[in-house]
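Below is the file target09.cif, which contains mmCIF, C-alpha atoms.
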data_protein
#
loop_
_atom_site.group_PDB
_atom_site.id
_atom_site.type_symbol
_atom_site.label_atom_id
_atom_site.label_comp_id
_atom_site.auth_asym_id
_atom_site.auth_seq_id
_atom_site.Cartn_x
_atom_site.Cartn_y
_atom_site.Cartn_z
ATOM 1 C CA MET J 1 17.656 69.706 -24.793
ATOM 2 C CA SER J 2 15.912 69.359 -21.472
ATOM 3 C CA ASP J 3 16.794 66.803 -18.762
ATOM 4 C CA MET J 4 13.444 65.116 -19.305
ATOM 5 C CA ALA J 5 14.264 64.488 -22.930
ATOM 6 C CA LEU J 6 17.664 62.999 -22.021
ATOM 7 C CA SER J 7 16.259 60.583 -19.438
ATOM 8 C CA ASP J 8 15.365 57.015 -20.431
ATOM 9 C CA PRO J 9 11.670 56.294 -20.961
ATOM 10 C CA ALA J 10 9.940 54.283 -18.233
ATOM 11 C CA PRO J 11 9.811 50.540 -19.061
ATOM 12 C CA SER J 12 6.477 49.149 -20.118
ATOM 13 C CA PRO J 13 4.541 46.739 -17.841
ATOM 14 C CA ASN J 14 5.429 43.824 -20.154
ATOM 15 C CA THR J 15 9.118 44.670 -19.928
ATOM 16 C CA ARG J 16 8.974 44.846 -16.134
ATOM 17 C CA ALA J 17 7.167 41.515 -16.009
ATOM 18 C CA ARG J 18 9.828 39.888 -18.208
ATOM 19 C CA ARG J 19 12.598 41.279 -16.031
ATOM 20 C CA GLU J 20 10.935 40.017 -12.850
ATOM 21 C CA ARG J 21 10.406 36.604 -14.421
ATOM 22 C CA ARG J 22 14.057 36.481 -15.515
ATOM 23 C CA SER J 23 15.201 37.464 -12.030
ATOM 24 C CA ARG J 24 13.115 34.720 -10.419
ATOM 25 C CA TRP J 25 14.542 32.100 -12.756
ATOM 26 C CA LEU J 26 18.073 33.297 -12.014
ATOM 27 C CA LEU J 27 17.408 32.989 -8.282
ATOM 28 C CA LEU J 28 15.937 29.504 -8.771
ATOM 29 C CA THR J 29 18.814 28.255 -10.953
ATOM 30 C CA PRO J 30 21.094 27.028 -8.089
ATOM 31 C CA ALA J 31 18.235 25.094 -6.477
ATOM 32 C CA LEU J 32 17.188 23.602 -9.821
ATOM 33 C CA VAL J 33 20.756 22.490 -10.540
ATOM 34 C CA ILE J 34 21.067 20.858 -7.115
ATOM 35 C CA LEU J 35 17.717 19.090 -7.503
ATOM 36 C CA SER J 36 18.686 17.874 -10.963
ATOM 37 C CA LEU J 37 21.979 16.453 -9.762
ATOM 38 C CA ALA J 38 20.699 15.061 -6.438
ATOM 39 C CA ALA J 39 17.344 13.658 -7.598
ATOM 40 C CA SER J 40 17.177 13.279 -11.352
ATOM 41 C CA GLY J 41 20.798 12.145 -11.643
ATOM 42 C CA PRO J 42 20.533 9.047 -9.413
ATOM 43 C CA LEU J 43 17.139 8.202 -10.903
ATOM 44 C CA LEU J 44 18.648 8.332 -14.391
ATOM 45 C CA VAL J 45 21.407 5.953 -13.272
ATOM 46 C CA VAL J 46 18.784 3.503 -11.950
ATOM 47 C CA VAL J 47 16.870 3.717 -15.250
ATOM 48 C CA ILE J 48 20.049 2.994 -17.245
ATOM 49 C CA TYR J 49 21.043 0.087 -14.965
ATOM 50 C CA SER J 50 17.612 -1.519 -15.429
ATOM 51 C CA PHE J 51 18.389 -2.026 -19.125
ATOM 52 C CA LEU J 52 21.852 -3.545 -18.663
ATOM 53 C CA THR J 53 23.234 -7.030 -18.018
ATOM 54 C CA PRO J 54 24.252 -8.056 -14.474
ATOM 55 C CA GLY J 55 27.957 -8.566 -13.911
ATOM 56 C CA ASP J 56 29.393 -11.904 -12.827
ATOM 57 C CA TYR J 57 30.446 -10.580 -9.414
ATOM 58 C CA GLY J 58 28.060 -7.672 -8.999
ATOM 59 C CA GLY J 59 27.764 -4.399 -10.797
ATOM 60 C CA VAL J 60 26.687 -4.270 -14.416
ATOM 61 C CA GLU J 61 28.029 -5.044 -17.862
ATOM 62 C CA TRP J 62 27.381 -2.365 -20.442
ATOM 63 C CA GLN J 63 25.318 -4.569 -22.688
ATOM 64 C CA PHE J 64 21.688 -3.715 -23.413
ATOM 65 C CA SER J 65 19.169 -6.242 -22.097
ATOM 66 C CA LEU J 66 15.452 -6.373 -21.347
ATOM 67 C CA ASP J 67 15.888 -9.384 -19.062
ATOM 68 C CA PRO J 68 15.732 -7.340 -15.816
ATOM 69 C CA TRP J 69 12.242 -6.086 -16.696
ATOM 70 C CA PHE J 70 11.252 -9.524 -17.906
ATOM 71 C CA ASN J 71 12.449 -11.082 -14.645
ATOM 72 C CA VAL J 72 10.304 -8.738 -12.550
ATOM 73 C CA VAL J 73 7.193 -10.811 -13.332
ATOM 74 C CA ALA J 74 8.496 -13.902 -15.163
ATOM 75 C CA GLU J 75 11.401 -16.323 -15.156
ATOM 76 C CA ARG J 76 12.704 -19.370 -16.991
ATOM 77 C CA ASP J 77 13.105 -22.739 -15.344
ATOM 78 C CA PHE J 78 16.771 -23.461 -14.608
ATOM 79 C CA PHE J 79 16.617 -26.965 -16.076
ATOM 80 C CA THR J 80 13.898 -26.926 -18.747
ATOM 81 C CA GLU J 81 14.024 -23.247 -19.815
ATOM 82 C CA GLU J 82 10.245 -23.237 -19.488
ATOM 83 C CA LEU J 83 8.714 -19.794 -19.104
ATOM 84 C CA LYS J 84 6.714 -19.253 -15.914
ATOM 85 C CA LEU J 85 5.638 -16.505 -13.578
ATOM 86 C CA ALA J 86 8.108 -15.300 -10.970
ATOM 87 C CA ASP J 87 6.025 -16.532 -8.059
ATOM 88 C CA ALA J 88 8.425 -15.216 -5.423
ATOM 89 C CA HIS J 89 8.363 -11.671 -6.822
ATOM 90 C CA LEU J 90 4.599 -11.662 -7.301
ATOM 91 C CA LEU J 91 4.145 -12.917 -3.740
ATOM 92 C CA VAL J 92 6.281 -10.047 -2.439
ATOM 93 C CA PHE J 93 4.332 -7.563 -4.565
ATOM 94 C CA TRP J 94 1.034 -8.920 -3.273
ATOM 95 C CA ARG J 95 2.222 -8.939 0.344
ATOM 96 C CA SER J 96 3.502 -5.363 0.051
ATOM 97 C CA ILE J 97 0.268 -4.004 -1.416
ATOM 98 C CA LYS J 98 -1.883 -6.050 0.973
ATOM 99 C CA LEU J 99 -0.015 -5.027 4.120
ATOM 100 C CA SER J 100 0.169 -1.400 2.967
ATOM 101 C CA LEU J 101 -3.596 -1.279 2.411
ATOM 102 C CA MET J 102 -4.290 -3.020 5.729
ATOM 103 C CA THR J 103 -1.944 -0.622 7.511
ATOM 104 C CA ALA J 104 -3.724 2.363 5.968
ATOM 105 C CA ILE J 105 -7.109 0.944 7.029
ATOM 106 C CA LEU J 106 -5.957 0.255 10.593
ATOM 107 C CA CYS J 107 -4.377 3.704 10.844
ATOM 108 C CA LEU J 108 -7.671 5.216 9.638
ATOM 109 C CA ILE J 109 -9.691 3.202 12.162
ATOM 110 C CA VAL J 110 -7.455 4.373 15.005
ATOM 111 C CA GLY J 111 -6.503 7.801 13.653
ATOM 112 C CA PHE J 112 -9.970 9.143 12.771
ATOM 113 C CA PRO J 113 -11.445 8.978 16.307
ATOM 114 C CA THR J 114 -8.121 10.182 17.721
ATOM 115 C CA ALA J 115 -8.162 13.256 15.472
ATOM 116 C CA TYR J 116 -11.827 13.862 16.333
ATOM 117 C CA PHE J 117 -11.063 13.614 20.046
ATOM 118 C CA ILE J 118 -8.224 16.148 19.788
ATOM 119 C CA ALA J 119 -10.255 18.528 17.603
ATOM 120 C CA THR J 120 -13.092 18.565 20.149
ATOM 121 C CA ARG J 121 -10.839 19.380 23.114
ATOM 122 C CA PRO J 122 -10.544 22.959 24.388
ATOM 123 C CA ALA J 123 -8.205 25.010 22.197
ATOM 124 C CA HIS J 124 -5.594 25.467 24.936
ATOM 125 C CA ARG J 125 -5.251 21.694 25.391
ATOM 126 C CA ARG J 126 -4.961 20.609 21.753
ATOM 127 C CA ASP J 127 -1.258 21.419 21.550
ATOM 128 C CA MET J 128 -0.573 19.050 24.444
ATOM 129 C CA TRP J 129 -2.410 16.196 22.731
ATOM 130 C CA MET J 130 -0.632 16.868 19.439
ATOM 131 C CA LEU J 131 2.675 16.855 21.306
ATOM 132 C CA LEU J 132 1.879 13.388 22.644
ATOM 133 C CA ILE J 133 1.139 12.227 19.086
ATOM 134 C CA MET J 134 4.418 13.644 17.772
ATOM 135 C CA ILE J 135 6.716 12.373 20.540
ATOM 136 C CA PRO J 136 7.263 8.950 18.858
ATOM 137 C CA PHE J 137 8.539 10.782 15.754
ATOM 138 C CA TRP J 138 11.385 12.119 17.867
ATOM 139 C CA THR J 139 12.634 8.570 18.442
ATOM 140 C CA ASN J 140 14.667 6.638 15.891
ATOM 141 C CA LEU J 141 12.616 4.268 13.714
ATOM 142 C CA LEU J 142 14.800 1.298 14.629
ATOM 143 C CA ILE J 143 14.314 1.908 18.356
ATOM 144 C CA ARG J 144 10.527 2.094 17.916
ATOM 145 C CA THR J 145 10.593 -1.147 15.952
ATOM 146 C CA PHE J 146 12.574 -2.917 18.671
ATOM 147 C CA ALA J 147 10.058 -1.610 21.215
ATOM 148 C CA ILE J 148 7.273 -3.368 19.302
ATOM 149 C CA MET J 149 9.422 -6.503 19.171
ATOM 150 C CA GLU J 150 9.774 -6.429 22.947
ATOM 151 C CA LEU J 151 5.992 -6.360 23.278
ATOM 152 C CA ILE J 152 5.109 -9.217 20.912
ATOM 153 C CA ARG J 153 8.022 -11.663 21.120
ATOM 154 C CA ASN J 154 7.486 -15.052 22.780
ATOM 155 C CA GLN J 155 9.003 -13.864 26.066
ATOM 156 C CA GLY J 156 7.699 -10.333 25.626
ATOM 157 C CA THR J 157 5.313 -8.247 27.659
ATOM 158 C CA ILE J 158 2.056 -9.428 26.066
ATOM 159 C CA ASN J 159 2.804 -13.165 26.261
ATOM 160 C CA THR J 160 4.175 -12.812 29.793
ATOM 161 C CA LEU J 161 1.007 -11.071 31.011
ATOM 162 C CA LEU J 162 -1.293 -13.569 29.262
ATOM 163 C CA MET J 163 0.569 -16.550 30.721
ATOM 164 C CA ALA J 164 0.701 -14.999 34.202
ATOM 165 C CA SER J 165 -3.070 -14.419 34.123
ATOM 166 C CA GLY J 166 -3.730 -17.999 32.980
ATOM 167 C CA VAL J 167 -5.277 -17.030 29.640
ATOM 168 C CA ILE J 168 -2.748 -19.115 27.660
ATOM 169 C CA ASP J 169 -0.476 -22.020 28.577
ATOM 170 C CA GLU J 170 2.273 -21.332 26.040
ATOM 171 C CA PRO J 171 3.436 -18.229 24.191
ATOM 172 C CA ILE J 172 1.556 -17.119 21.084
ATOM 173 C CA GLN J 173 3.806 -16.852 18.049
ATOM 174 C CA MET J 174 3.309 -13.256 16.932
ATOM 175 C CA LEU J 175 6.838 -12.257 15.993
ATOM 176 C CA TYR J 176 8.167 -12.964 12.474
ATOM 177 C CA THR J 177 4.673 -13.077 10.983
ATOM 178 C CA GLU J 178 2.636 -10.773 8.756
ATOM 179 C CA PHE J 179 0.726 -9.791 11.884
ATOM 180 C CA SER J 180 3.866 -8.452 13.540
ATOM 181 C CA VAL J 181 4.797 -6.464 10.422
ATOM 182 C CA LEU J 182 1.257 -5.047 10.268
ATOM 183 C CA VAL J 183 1.318 -4.021 13.938
ATOM 184 C CA GLY J 184 4.760 -2.460 13.590
ATOM 185 C CA MET J 185 3.912 -0.416 10.497
ATOM 186 C CA THR J 186 0.608 0.721 12.015
ATOM 187 C CA TYR J 187 2.435 1.993 15.079
ATOM 188 C CA VAL J 188 5.171 3.675 13.025
ATOM 189 C CA TYR J 189 2.941 5.440 10.493
ATOM 190 C CA LEU J 190 -0.116 6.228 12.639
ATOM 191 C CA PRO J 191 0.877 9.910 13.182
ATOM 192 C CA LEU J 192 0.936 10.391 9.395
ATOM 193 C CA MET J 193 -2.775 9.533 9.390
ATOM 194 C CA ILE J 194 -3.737 11.563 12.450
ATOM 195 C CA LEU J 195 -2.088 14.843 11.416
ATOM 196 C CA PRO J 196 -3.877 15.514 8.078
ATOM 197 C CA ILE J 197 -7.237 14.333 9.465
ATOM 198 C CA TYR J 198 -6.819 16.631 12.463
ATOM 199 C CA ALA J 199 -5.914 19.518 10.142
ATOM 200 C CA SER J 200 -9.222 19.002 8.305
ATOM 201 C CA MET J 201 -11.148 18.342 11.509
ATOM 202 C CA GLU J 202 -9.877 21.542 13.121
ATOM 203 C CA ARG J 203 -11.453 23.607 10.331
ATOM 204 C CA LEU J 204 -14.750 21.747 10.641
ATOM 205 C CA ASP J 205 -17.725 23.908 11.627
ATOM 206 C CA PHE J 206 -19.195 21.919 14.511
ATOM 207 C CA ASN J 207 -22.359 23.988 14.289
ATOM 208 C CA LEU J 208 -23.226 21.721 11.365
ATOM 209 C CA VAL J 209 -22.898 18.719 13.662
ATOM 210 C CA GLU J 210 -25.207 20.336 16.196
ATOM 211 C CA ALA J 211 -27.669 21.135 13.416
ATOM 212 C CA GLY J 212 -27.647 17.469 12.412
ATOM 213 C CA TYR J 213 -28.511 16.423 15.948
ATOM 214 C CA ASP J 214 -31.237 19.069 16.091
ATOM 215 C CA LEU J 215 -32.756 17.477 12.979
ATOM 216 C CA TYR J 216 -32.853 14.117 14.823
ATOM 217 C CA ALA J 217 -29.965 12.541 12.938
ATOM 218 C CA THR J 218 -28.254 9.637 14.662
ATOM 219 C CA ARG J 219 -24.552 9.655 15.509
ATOM 220 C CA LEU J 220 -23.849 7.356 12.556
ATOM 221 C CA GLN J 221 -25.792 9.582 10.175
ATOM 222 C CA VAL J 222 -23.951 12.685 11.404
ATOM 223 C CA LEU J 223 -20.636 10.917 10.944
ATOM 224 C CA ARG J 224 -21.497 9.565 7.488
ATOM 225 C CA ARG J 225 -23.287 12.562 5.997
ATOM 226 C CA ILE J 226 -21.706 15.580 7.723
ATOM 227 C CA ILE J 227 -18.345 14.902 9.348
ATOM 228 C CA PHE J 228 -16.770 12.421 6.949
ATOM 229 C CA PRO J 229 -17.543 14.317 3.697
ATOM 230 C CA LEU J 230 -16.092 17.516 5.150
ATOM 231 C CA VAL J 231 -12.855 15.885 6.334
ATOM 232 C CA LYS J 232 -12.507 13.590 3.326
ATOM 233 C CA PRO J 233 -9.467 15.484 1.913
ATOM 234 C CA GLY J 234 -7.617 14.830 5.170
ATOM 235 C CA VAL J 235 -8.589 11.152 5.075
ATOM 236 C CA VAL J 236 -7.348 10.787 1.501
ATOM 237 C CA ALA J 237 -4.113 12.650 2.274
ATOM 238 C CA GLY J 238 -3.491 10.544 5.386
ATOM 239 C CA SER J 239 -4.174 7.322 3.496
ATOM 240 C CA ILE J 240 -1.641 8.260 0.815
ATOM 241 C CA LEU J 241 0.919 9.373 3.407
ATOM 242 C CA VAL J 242 0.629 5.963 5.080
ATOM 243 C CA PHE J 243 0.256 3.766 1.992
ATOM 244 C CA VAL J 244 3.216 5.154 0.018
ATOM 245 C CA PRO J 245 5.978 4.717 2.668
ATOM 246 C CA CYS J 246 4.545 1.328 3.645
ATOM 247 C CA LEU J 247 5.146 0.078 0.096
ATOM 248 C CA GLY J 248 8.849 0.804 0.378
ATOM 249 C CA ALA J 249 9.236 -0.037 4.073
ATOM 250 C CA TYR J 250 12.496 -1.810 4.870
ATOM 251 C CA VAL J 251 13.382 -1.637 8.569
ATOM 252 C CA THR J 252 10.058 -2.757 10.044
ATOM 253 C CA PRO J 253 9.547 -5.839 7.789
ATOM 254 C CA ARG J 254 13.219 -6.747 8.178
ATOM 255 C CA VAL J 255 13.220 -6.631 11.998
ATOM 256 C CA LEU J 256 9.679 -7.810 12.799
ATOM 257 C CA GLY J 257 9.434 -10.164 9.817
ATOM 258 C CA GLY J 258 12.782 -11.778 10.536
ATOM 259 C CA GLY J 259 13.606 -12.085 6.834
ATOM 260 C CA LYS J 260 10.570 -14.338 6.317
ATOM 261 C CA GLN J 261 8.021 -11.662 5.399
ATOM 262 C CA LEU J 262 9.818 -9.798 2.637
ATOM 263 C CA MET J 263 8.340 -6.636 1.187
ATOM 264 C CA LEU J 264 9.403 -4.651 -1.864
ATOM 265 C CA GLY J 265 12.060 -2.668 -0.016
ATOM 266 C CA ASN J 266 13.627 -5.870 1.311
ATOM 267 C CA LEU J 267 13.496 -7.541 -2.127
ATOM 268 C CA ILE J 268 15.250 -4.579 -3.753
ATOM 269 C CA GLU J 269 17.954 -4.567 -1.062
ATOM 270 C CA LEU J 270 18.382 -8.324 -1.542
ATOM 271 C CA GLN J 271 19.036 -7.884 -5.257
ATOM 272 C CA PHE J 272 21.598 -5.119 -4.742
ATOM 273 C CA GLY J 273 23.186 -6.861 -1.754
ATOM 274 C CA GLN J 274 23.395 -10.638 -1.473
ATOM 275 C CA LEU J 275 22.260 -11.616 -4.978
ATOM 276 C CA ARG J 276 24.355 -8.906 -6.681
ATOM 277 C CA ASN J 277 21.812 -8.503 -9.476
ATOM 278 C CA TRP J 278 21.851 -4.730 -9.860
ATOM 279 C CA PRO J 279 19.774 -4.502 -13.071
ATOM 280 C CA LEU J 280 16.937 -6.533 -11.550
ATOM 281 C CA GLY J 281 17.109 -4.462 -8.375
ATOM 282 C CA ALA J 282 16.911 -1.291 -10.477
ATOM 283 C CA ALA J 283 13.901 -2.654 -12.402
ATOM 284 C CA LEU J 284 12.155 -3.549 -9.135
ATOM 285 C CA ALA J 285 12.891 -0.085 -7.733
ATOM 286 C CA LEU J 286 11.359 1.563 -10.804
ATOM 287 C CA THR J 287 8.353 -0.737 -10.548
ATOM 288 C CA LEU J 288 7.893 0.422 -6.963
ATOM 289 C CA LEU J 289 8.202 4.019 -8.176
ATOM 290 C CA ALA J 290 5.477 3.362 -10.764
ATOM 291 C CA VAL J 291 3.136 1.983 -8.082
ATOM 292 C CA VAL J 292 3.790 5.061 -5.939
ATOM 293 C CA MET J 293 3.079 7.346 -8.899
ATOM 294 C CA VAL J 294 -0.245 5.581 -9.494
ATOM 295 C CA ALA J 295 -1.163 6.167 -5.853
ATOM 296 C CA LEU J 296 -0.223 9.850 -6.123
ATOM 297 C CA VAL J 297 -2.262 10.265 -9.320
ATOM 298 C CA PHE J 298 -5.229 8.758 -7.486
ATOM 299 C CA TYR J 299 -4.710 11.254 -4.666
ATOM 300 C CA VAL J 300 -4.491 14.255 -7.017
ATOM 301 C CA ARG J 301 -7.641 13.207 -8.878
ATOM 302 C CA ALA J 302 -9.532 12.569 -5.639
ATOM 303 C CA ILE J 303 -8.593 16.007 -4.303
ATOM 304 C CA GLY J 304 -9.447 17.585 -7.655
ATOM 305 C CA ARG J 305 -12.900 16.012 -7.699
ATOM 306 C CA GLU J 306 -13.448 17.119 -4.105
ATOM 307 C CA GLY J 307 -12.474 20.689 -5.004
ATOM 308 C CA GLU J 308 -14.862 20.734 -7.987
ATOM 309 C CA HIS J 309 -17.648 19.355 -5.812
ATOM 310 C CA ASN J 310 -17.105 22.002 -3.136
ATOM 311 C CA ALA J 311 -16.963 24.728 -5.775
#
Write-out of the structure in structure tokens:
Amino acid sequence: MSDMALSDPAPSPNTRARRERRSRWLLLTPALVILSLAASGPLLVVVIYSFLTPGDYGGVEWQFSLDPWFNVVAERDFFTEELKLADAHLLVFWRSIKLSLMTAILCLIVGFPTAYFIATRPAHRRDMWMLLIMIPFWTNLLIRTFAIMELIRNQGTINTLLMASGVIDEPIQMLYTEFSVLVGMTYVYLPLMILPIYASMERLDFNLVEAGYDLYATRLQVLRRIIFPLVKPGVVAGSILVFVPCLGAYVTPRVLGGGKQLMLGNLIELQFGQLRNWPLGAALALTLLAVVMVALVFYVRAIGREGEHNA
């Protein structure tokens, strides 16, 4: 019998594909296990805790209860047992969504022209401008928040300059207000708006802009009908990147709000910390997760529609 007859037949393309697929899954197994234990595991614990009864001195009692989810939006009067809305929680929810939306809008108002300015600079200078945008990210979030506090406190830089110039007679109360939280979050998350818009703006064919001017379009018309539609994916991505972390912001509202302007992150920490109501804190955390998921679904659908339109 010849050597060719003794040799194994060459595997079929389907067999090779199955082997390659099996090898990839084997290589991915360690990462999948780590992700399951590090991400899905803690999330599962939070889900379980949200359906339990709070312990007398913190922790949980292993007794099934829907009260944590009920208490997210409603509560019973301590004396009359009358059912009513949880006004404090709803106020925090409303403040969180409102300030997150306002922060995204302010970041867009400031970030869009900034990205356009950088994208229209000579290519050898764009890296320098992007470096200046990224430098604040190299500083700790708490330090940046205290820097904003130094600017807007009653004896801070802004009030000192206004009083020295005779514009005001007494300091303006800016610290520990919604305004201070809004300013702080806008400063902290502004680079997250600039970067994706700049990435879209850099790929923009500015010959189209010149063609618009040649056809006697005004600056506003060029912006509205040429530039903005082409960089819309970057605008949507930047808005989501700003809106989502703002919803769960903790440090900035805590420092600049002074404990008076609570947001969802602060309310969740309060339940796990001082109030020792872990099930309610878990239910609030999952509610925040649901809001974030809704925002991400909106982003995916917006990008999908944009891709279909371009196709």
Between CA of Thr139 in chain J and CA of Val188 in chain J, what is the distance, to one decimal in Å?
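Here the two named atoms are 10.4 Å from each other.
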Set the distance at 8 Å and use all atoms listed in the file: which residues neighbour range 44-49 of chain J once local chain neighbours fewer than 2 positions away are removed? I'd like the list as a PyMOL selection string.
chain J and resi 40-42+51-52+60+278-279+282-283+286
Distance query Asp87 in chain J at most 12 Å, only C-alpha atoms, self and fewer than 5 positions along chain excluded, as an mmCIF file with C-alpha atoms, keeping the file's coordinate frame:
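Okay, this is what ended up in result23.cif:
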data_model
loop_
_atom_site.group_PDB
_atom_site.id
_atom_site.type_symbol
_atom_site.label_atom_id
_atom_site.label_comp_id
_atom_site.auth_asym_id
_atom_site.auth_seq_id
_atom_site.Cartn_x
_atom_site.Cartn_y
_atom_site.Cartn_z
ATOM 1 C CA ASN J 71 12.449 -11.082 -14.645
ATOM 2 C CA VAL J 72 10.304 -8.738 -12.550
ATOM 3 C CA VAL J 73 7.193 -10.811 -13.332
ATOM 4 C CA ALA J 74 8.496 -13.902 -15.163
ATOM 5 C CA GLU J 75 11.401 -16.323 -15.156
ATOM 6 C CA ARG J 76 12.704 -19.370 -16.991
ATOM 7 C CA ASP J 77 13.105 -22.739 -15.344
ATOM 8 C CA VAL J 92 6.281 -10.047 -2.439
ATOM 9 C CA PHE J 93 4.332 -7.563 -4.565
ATOM 10 C CA TRP J 94 1.034 -8.920 -3.273
ATOM 11 C CA ARG J 95 2.222 -8.939 0.344
#
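Proximity ranking of J:Gly238, J:Gly257, J:Pro122, J:Pro245 relative to Leu182 in chain J places J:Gly257 first, based on all atoms listed in the file.
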If you take all atoms listed in the file and a cut-off of 8 Å, which residues of range 148-256 of chain J touch range 292-297 of chain J, and what are their nearest atom pairs and distances in Å to one decimal, in chain and number order, as a Markdown table?
| residue | atom | partner | partner_atom | distance |
| --- | --- | --- | --- | --- |
| J:Ile240 | CA | J:Ala295 | CA | 7.0 |
| J:Val244 | CA | J:Val292 | CA | 6.0 |
| J:Leu247 | CA | J:Val292 | CA | 7.9 |
Find the residue from J:Val255, J:Leu37, J:Leu275, J:Ala104 that sits nearest to Leu175 in chain J; use all atoms listed in the file when measuring.
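So, comparing all the options, the nearest one is J:Val255.
Shortest separation to Gly258 in chain J among J:Thr186, J:Thr177, J:Gln221, J:Thr160 occurs at residue J:Thr177, atoms counted being all atoms listed in the file.
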Output the residue selection produced by the PyMOL selection byres ((chain J and resi 109) around 12) on the file above, formatted as a list in words.
Met102, Thr103, Ala104, Ile105, Leu106, Cys107, Leu108, Val110, Gly111, Phe112, Pro113, Thr114, Ala115, Tyr116, Thr186, Leu190, Met193, Ile194, Ile197, Val235, Gly238 and Ser239 of chain J
Go through the shown structure with the PyMOL selection byres ((chain J and resi 264) around 9) and write out the matching residues as a VMD selection string.
chain J and resid 89 92 to 93 95 to 96 247 to 250 262 to 263 265 to 269 284 to 285 288
Using C-alpha atoms, can you export the residues from the last selection as a CSV table (one decimal), keeping the file's coordinate frame?
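Saved the output as again_22.csv:
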chain,number,residue,atom,x,y,z
J,89,HIS,CA,8.4,-11.7,-6.8
J,92,VAL,CA,6.3,-10.0,-2.4
J,93,PHE,CA,4.3,-7.6,-4.6
J,95,ARG,CA,2.2,-8.9,0.3
J,96,SER,CA,3.5,-5.4,0.1
J,247,LEU,CA,5.1,0.1,0.1
J,248,GLY,CA,8.8,0.8,0.4
J,249,ALA,CA,9.2,0.0,4.1
J,250,TYR,CA,12.5,-1.8,4.9
J,262,LEU,CA,9.8,-9.8,2.6
J,263,MET,CA,8.3,-6.6,1.2
J,265,GLY,CA,12.1,-2.7,0.0
J,266,ASN,CA,13.6,-5.9,1.3
J,267,LEU,CA,13.5,-7.5,-2.1
J,268,ILE,CA,15.2,-4.6,-3.8
J,269,GLU,CA,18.0,-4.6,-1.1
J,284,LEU,CA,12.2,-3.5,-9.1
J,285,ALA,CA,12.9,-0.1,-7.7
J,288,LEU,CA,7.9,0.4,-7.0
Measuring between all atoms listed in the file, which one of J:Ile135, J:Leu28, J:Ile143, J:Ile158 shows the shortest distance to Ile172 in chain J?
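Closest to Ile172 in chain J, using all atoms listed in the file: J:Ile158.
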Point-to-point distance from CA of Val291 in chain J to CA of Val242 in chain J, Å rounded to tenths
14.0 Å
Quick one: residues within 8 Å of Gly59 in chain J, all atoms listed in the file, excluding same-chain residues fewer than 3 positions away - as a PyMOL selection string?
chain J and resi 54-56+276-278
Using all atoms listed in the file, which residues sit within 9 Å of Ser65 in chain J once same-chain residues fewer than 2 positions away are excluded, as a tab-separated table (two decimals) with C-alpha atoms, in the coordinates of the input?
chain	number	residue	atom	x	y	z
J	50	SER	CA	17.61	-1.52	-15.43
J	51	PHE	CA	18.39	-2.03	-19.12
J	52	LEU	CA	21.85	-3.54	-18.66
J	53	THR	CA	23.23	-7.03	-18.02
J	63	GLN	CA	25.32	-4.57	-22.69
J	67	ASP	CA	15.89	-9.38	-19.06
J	68	PRO	CA	15.73	-7.34	-15.82
J	69	TRP	CA	12.24	-6.09	-16.70
Radius query 10 Å about (12.6, -10.1, 16.0), atoms used: only C-alpha atoms, as a list of chain:residue names
J:Thr145, J:Phe146, J:Ile148, J:Met149, J:Glu150, J:Ile152, J:Arg153, J:Asn154, J:Met174, J:Leu175, J:Tyr176, J:Thr177, J:Ser180, J:Thr252, J:Pro253, J:Arg254, J:Val255, J:Leu256, J:Gly257, J:Gly258, J:Gly259
Output of the above residues as a PDB file, in the coordinates of the input, restricted to C-alpha atoms:
ATOM      1  CA  THR J 145      10.593  -1.147  15.952  1.00  0.00           C
ATOM      2  CA  PHE J 146      12.574  -2.917  18.671  1.00  0.00           C
ATOM      3  CA  ILE J 148       7.273  -3.368  19.302  1.00  0.00           C
ATOM      4  CA  MET J 149       9.422  -6.503  19.171  1.00  0.00           C
ATOM      5  CA  GLU J 150       9.774  -6.429  22.947  1.00  0.00           C
ATOM      6  CA  ILE J 152       5.109  -9.217  20.912  1.00  0.00           C
ATOM      7  CA  ARG J 153       8.022 -11.663  21.120  1.00  0.00           C
ATOM      8  CA  ASN J 154       7.486 -15.052  22.780  1.00  0.00           C
ATOM      9  CA  MET J 174       3.309 -13.256  16.932  1.00  0.00           C
ATOM     10  CA  LEU J 175       6.838 -12.257  15.993  1.00  0.00           C
ATOM     11  CA  TYR J 176       8.167 -12.964  12.474  1.00  0.00           C
ATOM     12  CA  THR J 177       4.673 -13.077  10.983  1.00  0.00           C
ATOM     13  CA  SER J 180       3.866  -8.452  13.540  1.00  0.00           C
ATOM     14  CA  THR J 252      10.058  -2.757  10.044  1.00  0.00           C
ATOM     15  CA  PRO J 253       9.547  -5.839   7.789  1.00  0.00           C
ATOM     16  CA  ARG J 254      13.219  -6.747   8.178  1.00  0.00           C
ATOM     17  CA  VAL J 255      13.220  -6.631  11.998  1.00  0.00           C
ATOM     18  CA  LEU J 256       9.679  -7.810  12.799  1.00  0.00           C
ATOM     19  CA  GLY J 257       9.434 -10.164   9.817  1.00  0.00           C
ATOM     20  CA  GLY J 258      12.782 -11.778  10.536  1.00  0.00           C
ATOM     21  CA  GLY J 259      13.606 -12.085   6.834  1.00  0.00           C
TER      22      GLY J 259
END
Suppose you want the space between CA of Pro191 in chain J and CA of Met134 in chain J; what is it in Å?
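Going from CA of Pro191 in chain J over to CA of Met134 in chain J covers 6.9 Å.
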Proximity to Phe117 in chain J - best of J:Leu192, J:Met201, J:Val183, J:Ala88, all atoms listed in the file:
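Result for the nearest residue to Phe117 in chain J: J:Met201.
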Using all atoms of range 233-245 of chain J listed in the file and a margin of 4 Å per side, can you give the axis-aligned box centre and edge lengths in Å to one decimal, as AutoDock Vina command-line options?
--center_x -1.7 --center_y 9.6 --center_z 2.7 --size_x 23.4 --size_y 19.7 --size_z 13.4
